[in-house]
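All remarks here apply to the structure that follows.
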Amino acid sequence: QICIKIYLLEMQQSSIDIKLKRVDRVYAIGDTIEGVVIVNAFKGWSHNGLNLLAEGVIHTSSSSRGIMSLGTDSSKQIQLLKFESELSGSGKFADGITEIPFEFPVKASGSQPLIESYHGVYISVIYYIQVSCDRGMMKKSLSKDIEFIVEVPNSKPAEPKPTEFNITPESLENISKSLLAQIPRFKISGRLHRSNYPINLPFTGELIIHEASSAIRSVELQLVRVESLHNESGQFSREATEVQNIQIGEGNICRNVVVPMYMVFPRLFACNTCISSQ
């Protein structure tokens with residue numbers, strides 16, 4: 001009986017929700033974002049207006065706390081996109097559900113061109129929609145926000161150029177000579193199917209283990225992103241972060257056998273190579 005009462009209380013609360021026409025919420029430059037704002041007005045109430053704000057912002061921070069450092073002295077924001085609209089003027093919503101449609105174009109609001117969505121350590125590019133409704137002094141204001149993803153396709157996609165690679169103990173970097181002598185002997189060769197990968201295509205390639213003096217436990221493919229940031233005071237921050245690790249081989253893999261490599265880039269935590277003076 002108690003559970004039923006709590007459930008009914010939750011159902012009777014007023015709320016605002018945002019529903020976009022595209023389920024994946026992925027848009028390109030020039031697309032039109034369409035959706036509806038769903039107002040659930042329990043018993044009906046008056047309001048001072050229903051407003052929509054869409055923003056695209058680059059957050060940069062010289063500390064390695066990422067989004068956690070937003071609003072601190074070390075953080076900086078660069079606006080990419082801004083759209084404001086009054087969906088409904090002052091008035092009253094009747095008891096029940098009211099749906100209000102909206103739409104706006106995906107385009108830059110200033111001289112800074114749009115950059116792909118990205119969640120990083122020092123740099124984050126976030127696009128979001130926020131809807132707010134002021135219900136006056138006696139009632140709590142309602143708000144809802146939702147993030148959407150912006151993709152910026154390359155105007156001239158690079159031609160796929162396969163790249164060969166070879167890995168031996170001597171080719172490893174940042175290894176001292178004393179430690180190098182302790183590493184078991186091995187020889188690996190392979191090929192990447194492209195030297196430049198569009199973010200919406202999988203990373204593919206193949207490798208061959210020619211020799212290994214010790215038994216192999218596992219072969220893994222690791223994706224590392226690198227962020228570099230120069231601030232106004234001349235400080236330089238650089239962070240290399242592992243964002244994905246997948247196993248492409250298990251156990252003592254047979255020698256001289258082709259092992260395929262296939263990995264889908266994690267959309268929000270990886271992006272195309274991008275350099276900006278701002």
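Scheme for the structure tokens: letters A, B, ... for chains in order shown; per-chain residue numbers from 1; ligand numbers from 1 in order shown.
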Item to check | Near-Pro260 of chain A list (10 Å; only C-alpha atoms; drop same-chain fewer than 3 positions) as a VMD selection string | outcome: chain A and resid 190 to 191 204 to 208 248 to 249 257
Could you take the residues named above and write them with N, CA, C and O atoms, as an mmCIF file, in the first residue's frame?
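New file result.cif:
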data_model
loop_
_atom_site.group_PDB
_atom_site.id
_atom_site.type_symbol
_atom_site.label_atom_id
_atom_site.label_comp_id
_atom_site.auth_asym_id
_atom_site.auth_seq_id
_atom_site.Cartn_x
_atom_site.Cartn_y
_atom_site.Cartn_z
ATOM 1 N N GLY A 190 52.519 -5.870 -39.287
ATOM 2 C CA GLY A 190 51.101 -5.688 -39.563
ATOM 3 C C GLY A 190 50.860 -4.569 -40.540
ATOM 4 O O GLY A 190 51.791 -3.957 -41.067
ATOM 5 N N ARG A 191 49.598 -4.307 -40.736
ATOM 6 C CA ARG A 191 49.205 -3.264 -41.689
ATOM 7 C C ARG A 191 47.919 -2.612 -41.212
ATOM 8 O O ARG A 191 46.965 -3.294 -40.820
ATOM 9 N N THR A 204 40.478 -0.448 -38.702
ATOM 10 C CA THR A 204 40.684 -1.808 -39.186
ATOM 11 C C THR A 204 42.147 -2.018 -39.586
ATOM 12 O O THR A 204 42.852 -1.073 -39.936
ATOM 13 N N GLY A 205 42.560 -3.248 -39.536
ATOM 14 C CA GLY A 205 43.922 -3.614 -39.919
ATOM 15 C C GLY A 205 44.156 -5.083 -39.625
ATOM 16 O O GLY A 205 43.214 -5.854 -39.390
ATOM 17 N N GLU A 206 45.405 -5.470 -39.614
ATOM 18 C CA GLU A 206 45.767 -6.862 -39.346
ATOM 19 C C GLU A 206 47.202 -6.917 -38.855
ATOM 20 O O GLU A 206 48.003 -6.022 -39.128
ATOM 21 N N LEU A 207 47.500 -7.956 -38.101
ATOM 22 C CA LEU A 207 48.873 -8.147 -37.627
ATOM 23 C C LEU A 207 49.234 -9.623 -37.646
ATOM 24 O O LEU A 207 48.365 -10.497 -37.638
ATOM 25 N N ILE A 208 50.535 -9.876 -37.669
ATOM 26 C CA ILE A 208 51.070 -11.235 -37.697
ATOM 27 C C ILE A 208 52.175 -11.332 -36.653
ATOM 28 O O ILE A 208 53.078 -10.490 -36.620
ATOM 29 N N ILE A 248 41.927 -8.549 -29.063
ATOM 30 C CA ILE A 248 41.813 -9.073 -30.423
ATOM 31 C C ILE A 248 42.399 -10.482 -30.541
ATOM 32 O O ILE A 248 42.311 -11.107 -31.598
ATOM 33 N N GLY A 249 43.008 -10.953 -29.467
ATOM 34 C CA GLY A 249 43.559 -12.320 -29.463
ATOM 35 C C GLY A 249 43.715 -12.819 -28.040
ATOM 36 O O GLY A 249 44.114 -12.073 -27.154
ATOM 37 N N VAL A 257 50.128 -16.285 -38.370
ATOM 38 C CA VAL A 257 48.703 -16.305 -38.704
ATOM 39 C C VAL A 257 48.179 -14.870 -38.640
ATOM 40 O O VAL A 257 48.481 -14.129 -37.698
#
Could you pull out the helix (DSSP H, G or I) residues of segment 68-254 of chain A from DSSP and send them as an mmCIF file with N, CA, C and O atoms, in the first residue's frame?
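Final output, saved to part24.cif:
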data_model
loop_
_atom_site.group_PDB
_atom_site.id
_atom_site.type_symbol
_atom_site.label_atom_id
_atom_site.label_comp_id
_atom_site.auth_asym_id
_atom_site.auth_seq_id
_atom_site.Cartn_x
_atom_site.Cartn_y
_atom_site.Cartn_z
ATOM 1 N N MET A 68 34.528 18.736 -14.424
ATOM 2 C CA MET A 68 34.422 19.048 -13.006
ATOM 3 C C MET A 68 34.991 20.425 -12.679
ATOM 4 O O MET A 68 34.662 21.023 -11.669
ATOM 5 N N SER A 69 35.867 20.964 -13.544
ATOM 6 C CA SER A 69 36.509 22.244 -13.263
ATOM 7 C C SER A 69 35.789 23.423 -13.902
ATOM 8 O O SER A 69 36.260 24.543 -13.840
ATOM 9 N N PRO A 169 61.463 -5.569 -29.821
ATOM 10 C CA PRO A 169 61.911 -4.917 -28.572
ATOM 11 C C PRO A 169 62.719 -3.654 -28.832
ATOM 12 O O PRO A 169 62.612 -2.677 -28.079
ATOM 13 N N GLU A 170 63.517 -3.622 -29.906
ATOM 14 C CA GLU A 170 64.343 -2.448 -30.196
ATOM 15 C C GLU A 170 63.505 -1.251 -30.664
ATOM 16 O O GLU A 170 63.952 -0.096 -30.570
ATOM 17 N N SER A 171 62.310 -1.493 -31.159
ATOM 18 C CA SER A 171 61.485 -0.385 -31.658
ATOM 19 C C SER A 171 60.647 0.265 -30.554
ATOM 20 O O SER A 171 60.019 1.293 -30.792
ATOM 21 N N LYS A 177 68.167 0.524 -21.587
ATOM 22 C CA LYS A 177 68.918 -0.626 -22.106
ATOM 23 C C LYS A 177 68.906 -1.793 -21.122
ATOM 24 O O LYS A 177 68.856 -2.956 -21.531
ATOM 25 N N SER A 178 68.967 -1.486 -19.830
ATOM 26 C CA SER A 178 68.955 -2.565 -18.834
ATOM 27 C C SER A 178 67.636 -3.318 -18.848
ATOM 28 O O SER A 178 67.595 -4.549 -18.713
ATOM 29 N N LEU A 179 66.535 -2.598 -19.041
ATOM 30 C CA LEU A 179 65.220 -3.242 -19.101
ATOM 31 C C LEU A 179 65.005 -3.937 -20.434
ATOM 32 O O LEU A 179 64.339 -4.981 -20.503
ATOM 33 N N LEU A 180 65.588 -3.396 -21.478
ATOM 34 C CA LEU A 180 65.432 -3.985 -22.802
ATOM 35 C C LEU A 180 66.015 -5.391 -22.843
ATOM 36 O O LEU A 180 65.471 -6.283 -23.521
#
Next on the checklist: Given only C-alpha atoms as the basis, pick out the residue of A:His119, A:Thr168, A:Ile175, A:Val226 nearest to Pro266 of chain A.
Outcome noted: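 Ranked by minimum distance to Pro266 of chain A, first place goes to A:His119.
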Checklist entry - Between A:Gly49, A:Gly56, A:Pro202, A:Gly44, which one has atoms that come closest to Tyr127 of chain A, using only C-alpha atoms? => result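 Distance minimum relative to Tyr127 of chain A lands on A:Gly56.
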Next on the checklist: At a cut-off of 12 Å, using only C-alpha atoms, what residues contact Glu242 of chain A? Leave out same-chain residues fewer than 6 positions from it and give the result as a count of residues only.
Outcome noted: 12
Nearby residues (only C-alpha atoms) at most 12 Å from Val150 of chain A, same-chain spacing under 5 positions excluded, as a PDB file with N, CA, C and O atoms, in the first residue's frame:
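Heads up, here's the output in part_6.pdb:
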ATOM      1  N   ASP A  24      18.901   9.062 -32.242  1.00  0.00           N
ATOM      2  CA  ASP A  24      20.331   9.062 -31.908  1.00  0.00           C
ATOM      3  C   ASP A  24      20.852  10.448 -31.543  1.00  0.00           C
ATOM      4  O   ASP A  24      21.972  10.587 -31.052  1.00  0.00           O
ATOM      5  N   ARG A  25      20.071  11.514 -31.812  1.00  0.00           N
ATOM      6  CA  ARG A  25      20.431  12.896 -31.476  1.00  0.00           C
ATOM      7  C   ARG A  25      21.735  13.330 -32.139  1.00  0.00           C
ATOM      8  O   ARG A  25      22.478  14.153 -31.606  1.00  0.00           O
ATOM      9  N   VAL A  26      22.036  12.807 -33.323  1.00  0.00           N
ATOM     10  CA  VAL A  26      23.248  13.154 -34.061  1.00  0.00           C
ATOM     11  C   VAL A  26      22.873  14.031 -35.247  1.00  0.00           C
ATOM     12  O   VAL A  26      22.004  13.679 -36.047  1.00  0.00           O
ATOM     13  N   TYR A  27      23.547  15.185 -35.361  1.00  0.00           N
ATOM     14  CA  TYR A  27      23.237  16.141 -36.408  1.00  0.00           C
ATOM     15  C   TYR A  27      24.521  16.653 -37.051  1.00  0.00           C
ATOM     16  O   TYR A  27      25.588  16.672 -36.423  1.00  0.00           O
ATOM     17  N   ALA A  28      24.406  17.067 -38.305  1.00  0.00           N
ATOM     18  CA  ALA A  28      25.521  17.669 -39.033  1.00  0.00           C
ATOM     19  C   ALA A  28      25.244  19.152 -39.233  1.00  0.00           C
ATOM     20  O   ALA A  28      24.118  19.628 -39.040  1.00  0.00           O
ATOM     21  N   ILE A  29      26.278  19.887 -39.611  1.00  0.00           N
ATOM     22  CA  ILE A  29      26.122  21.321 -39.860  1.00  0.00           C
ATOM     23  C   ILE A  29      25.112  21.533 -40.989  1.00  0.00           C
ATOM     24  O   ILE A  29      25.180  20.896 -42.038  1.00  0.00           O
ATOM     25  N   GLY A  30      24.176  22.422 -40.765  1.00  0.00           N
ATOM     26  CA  GLY A  30      23.141  22.688 -41.761  1.00  0.00           C
ATOM     27  C   GLY A  30      21.853  21.924 -41.526  1.00  0.00           C
ATOM     28  O   GLY A  30      20.819  22.268 -42.115  1.00  0.00           O
ATOM     29  N   ASP A  31      21.887  20.897 -40.687  1.00  0.00           N
ATOM     30  CA  ASP A  31      20.668  20.161 -40.355  1.00  0.00           C
ATOM     31  C   ASP A  31      19.737  21.020 -39.509  1.00  0.00           C
ATOM     32  O   ASP A  31      20.157  21.996 -38.879  1.00  0.00           O
ATOM     33  N   THR A  32      18.478  20.644 -39.497  1.00  0.00           N
ATOM     34  CA  THR A  32      17.495  21.302 -38.647  1.00  0.00           C
ATOM     35  C   THR A  32      17.103  20.362 -37.515  1.00  0.00           C
ATOM     36  O   THR A  32      16.703  19.219 -37.763  1.00  0.00           O
ATOM     37  N   ILE A  33      17.255  20.820 -36.294  1.00  0.00           N
ATOM     38  CA  ILE A  33      16.870  20.026 -35.128  1.00  0.00           C
ATOM     39  C   ILE A  33      15.388  20.260 -34.866  1.00  0.00           C
ATOM     40  O   ILE A  33      14.948  21.395 -34.666  1.00  0.00           O
ATOM     41  N   GLU A  55      22.620  25.807 -26.944  1.00  0.00           N
ATOM     42  CA  GLU A  55      23.979  26.331 -26.922  1.00  0.00           C
ATOM     43  C   GLU A  55      24.980  25.262 -27.310  1.00  0.00           C
ATOM     44  O   GLU A  55      24.788  24.071 -27.036  1.00  0.00           O
ATOM     45  N   GLY A  56      26.047  25.728 -27.923  1.00  0.00           N
ATOM     46  CA  GLY A  56      27.214  24.897 -28.175  1.00  0.00           C
ATOM     47  C   GLY A  56      28.424  25.620 -27.640  1.00  0.00           C
ATOM     48  O   GLY A  56      28.676  26.778 -28.001  1.00  0.00           O
ATOM     49  N   VAL A  57      29.170  24.981 -26.743  1.00  0.00           N
ATOM     50  CA  VAL A  57      30.250  25.658 -26.032  1.00  0.00           C
ATOM     51  C   VAL A  57      31.485  24.769 -25.975  1.00  0.00           C
ATOM     52  O   VAL A  57      31.386  23.551 -25.790  1.00  0.00           O
ATOM     53  N   LEU A  80      30.047  28.533 -29.496  1.00  0.00           N
ATOM     54  CA  LEU A  80      29.984  28.130 -30.897  1.00  0.00           C
ATOM     55  C   LEU A  80      28.597  28.355 -31.488  1.00  0.00           C
ATOM     56  O   LEU A  80      28.459  28.771 -32.631  1.00  0.00           O
ATOM     57  N   LEU A  81      27.579  28.027 -30.717  1.00  0.00           N
ATOM     58  CA  LEU A  81      26.201  28.075 -31.203  1.00  0.00           C
ATOM     59  C   LEU A  81      25.307  28.629 -30.103  1.00  0.00           C
ATOM     60  O   LEU A  81      25.485  28.307 -28.927  1.00  0.00           O
ATOM     61  N   PRO A 105      18.153  25.669 -36.697  1.00  0.00           N
ATOM     62  CA  PRO A 105      19.226  25.123 -37.534  1.00  0.00           C
ATOM     63  C   PRO A 105      20.513  24.926 -36.746  1.00  0.00           C
ATOM     64  O   PRO A 105      20.779  25.623 -35.764  1.00  0.00           O
ATOM     65  N   VAL A 106      21.307  23.971 -37.208  1.00  0.00           N
ATOM     66  CA  VAL A 106      22.634  23.742 -36.624  1.00  0.00           C
ATOM     67  C   VAL A 106      23.623  24.582 -37.423  1.00  0.00           C
ATOM     68  O   VAL A 106      24.072  24.192 -38.500  1.00  0.00           O
ATOM     69  N   LYS A 107      23.950  25.755 -36.889  1.00  0.00           N
ATOM     70  CA  LYS A 107      24.896  26.640 -37.560  1.00  0.00           C
ATOM     71  C   LYS A 107      25.603  27.495 -36.522  1.00  0.00           C
ATOM     72  O   LYS A 107      25.087  27.736 -35.426  1.00  0.00           O
ATOM     73  N   ALA A 108      26.799  27.937 -36.869  1.00  0.00           N
ATOM     74  CA  ALA A 108      27.598  28.739 -35.945  1.00  0.00           C
ATOM     75  C   ALA A 108      26.938  30.090 -35.726  1.00  0.00           C
ATOM     76  O   ALA A 108      26.365  30.686 -36.643  1.00  0.00           O
ATOM     77  N   PRO A 113      33.936  28.471 -36.246  1.00  0.00           N
ATOM     78  CA  PRO A 113      33.159  27.378 -36.846  1.00  0.00           C
ATOM     79  C   PRO A 113      32.833  26.293 -35.821  1.00  0.00           C
ATOM     80  O   PRO A 113      33.494  26.175 -34.792  1.00  0.00           O
ATOM     81  N   LEU A 114      31.804  25.518 -36.117  1.00  0.00           N
ATOM     82  CA  LEU A 114      31.399  24.447 -35.219  1.00  0.00           C
ATOM     83  C   LEU A 114      32.448  23.334 -35.188  1.00  0.00           C
ATOM     84  O   LEU A 114      33.096  23.043 -36.199  1.00  0.00           O
ATOM     85  N   ILE A 115      32.618  22.732 -34.023  1.00  0.00           N
ATOM     86  CA  ILE A 115      33.555  21.636 -33.806  1.00  0.00           C
ATOM     87  C   ILE A 115      32.770  20.428 -33.326  1.00  0.00           C
ATOM     88  O   ILE A 115      31.735  20.570 -32.667  1.00  0.00           O
ATOM     89  N   GLU A 116      33.261  19.249 -33.636  1.00  0.00           N
ATOM     90  CA  GLU A 116      32.544  18.034 -33.253  1.00  0.00           C
ATOM     91  C   GLU A 116      32.409  17.892 -31.745  1.00  0.00           C
ATOM     92  O   GLU A 116      33.259  18.348 -30.976  1.00  0.00           O
ATOM     93  N   SER A 117      31.303  17.271 -31.333  1.00  0.00           N
ATOM     94  CA  SER A 117      31.078  16.994 -29.910  1.00  0.00           C
ATOM     95  C   SER A 117      32.196  16.130 -29.359  1.00  0.00           C
ATOM     96  O   SER A 117      32.672  15.201 -30.017  1.00  0.00           O
ATOM     97  N   TYR A 118      32.611  16.450 -28.135  1.00  0.00           N
ATOM     98  CA  TYR A 118      33.735  15.742 -27.535  1.00  0.00           C
ATOM     99  C   TYR A 118      33.750  15.959 -26.030  1.00  0.00           C
ATOM    100  O   TYR A 118      33.533  17.082 -25.557  1.00  0.00           O
ATOM    101  N   VAL A 125      33.643  19.738 -25.834  1.00  0.00           N
ATOM    102  CA  VAL A 125      32.770  20.462 -26.759  1.00  0.00           C
ATOM    103  C   VAL A 125      31.365  19.896 -26.564  1.00  0.00           C
ATOM    104  O   VAL A 125      31.111  18.742 -26.885  1.00  0.00           O
ATOM    105  N   ILE A 126      30.481  20.723 -26.018  1.00  0.00           N
ATOM    106  CA  ILE A 126      29.162  20.248 -25.604  1.00  0.00           C
ATOM    107  C   ILE A 126      28.075  21.088 -26.258  1.00  0.00           C
ATOM    108  O   ILE A 126      28.128  22.318 -26.240  1.00  0.00           O
ATOM    109  N   TYR A 127      27.097  20.406 -26.841  1.00  0.00           N
ATOM    110  CA  TYR A 127      25.915  21.051 -27.407  1.00  0.00           C
ATOM    111  C   TYR A 127      24.688  20.553 -26.631  1.00  0.00           C
ATOM    112  O   TYR A 127      24.551  19.347 -26.412  1.00  0.00           O
ATOM    113  N   TYR A 128      23.841  21.467 -26.210  1.00  0.00           N
ATOM    114  CA  TYR A 128      22.696  21.061 -25.407  1.00  0.00           C
ATOM    115  C   TYR A 128      21.506  21.985 -25.641  1.00  0.00           C
ATOM    116  O   TYR A 128      21.635  23.111 -26.135  1.00  0.00           O
ATOM    117  N   ARG A 267      32.081   7.440 -29.610  1.00  0.00           N
ATOM    118  CA  ARG A 267      31.719   8.702 -30.233  1.00  0.00           C
ATOM    119  C   ARG A 267      32.014   9.948 -29.402  1.00  0.00           C
ATOM    120  O   ARG A 267      32.610  10.897 -29.884  1.00  0.00           O
ATOM    121  N   LEU A 268      31.627   9.982 -28.137  1.00  0.00           N
ATOM    122  CA  LEU A 268      31.797  11.195 -27.354  1.00  0.00           C
ATOM    123  C   LEU A 268      33.200  11.360 -26.792  1.00  0.00           C
ATOM    124  O   LEU A 268      33.605  12.457 -26.422  1.00  0.00           O
ATOM    125  N   CYS A 271      37.403  12.127 -31.191  1.00  0.00           N
ATOM    126  CA  CYS A 271      36.953  13.013 -32.256  1.00  0.00           C
ATOM    127  C   CYS A 271      38.046  13.112 -33.303  1.00  0.00           C
ATOM    128  O   CYS A 271      39.163  12.626 -33.124  1.00  0.00           O
TER     129      CYS A 271
END
Item to check | Atomic distance atom CA of Ile149 of chain A - atom CA of Ile100 of chain A, expressed in Å with one decimal | outcome: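 We find that atom CA of Ile149 of chain A and atom CA of Ile100 of chain A lie 22.1 Å from each other.
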Checklist outcome for this item: Using only C-alpha atoms, the best pick from A:Ala181, A:Ile246, A:Val219, A:Ala212 as closest to Val259 of chain A would be A:Val219
Item to check | Nearest candidate to Lys21 of chain A (options A:Glu84, A:Ala240, A:Glu103, A:Leu192; using only C-alpha atoms) | outcome: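 Ranked by minimum distance to Lys21 of chain A, first place goes to A:Glu103.
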Item to check | Selection near Lys140 of chain A, 12 Å with only C-alpha atoms, sequence-local residues under 5 positions removed, as a PyMOL selection string | outcome: chain A and resi 13-15+45-47+132-135
Checklist entry - Pick the closest to Glu147 of chain A from A:Lys19, A:Ile183, A:Ser111, A:Pro101: which is it, counting only C-alpha atoms? => result A:Lys19
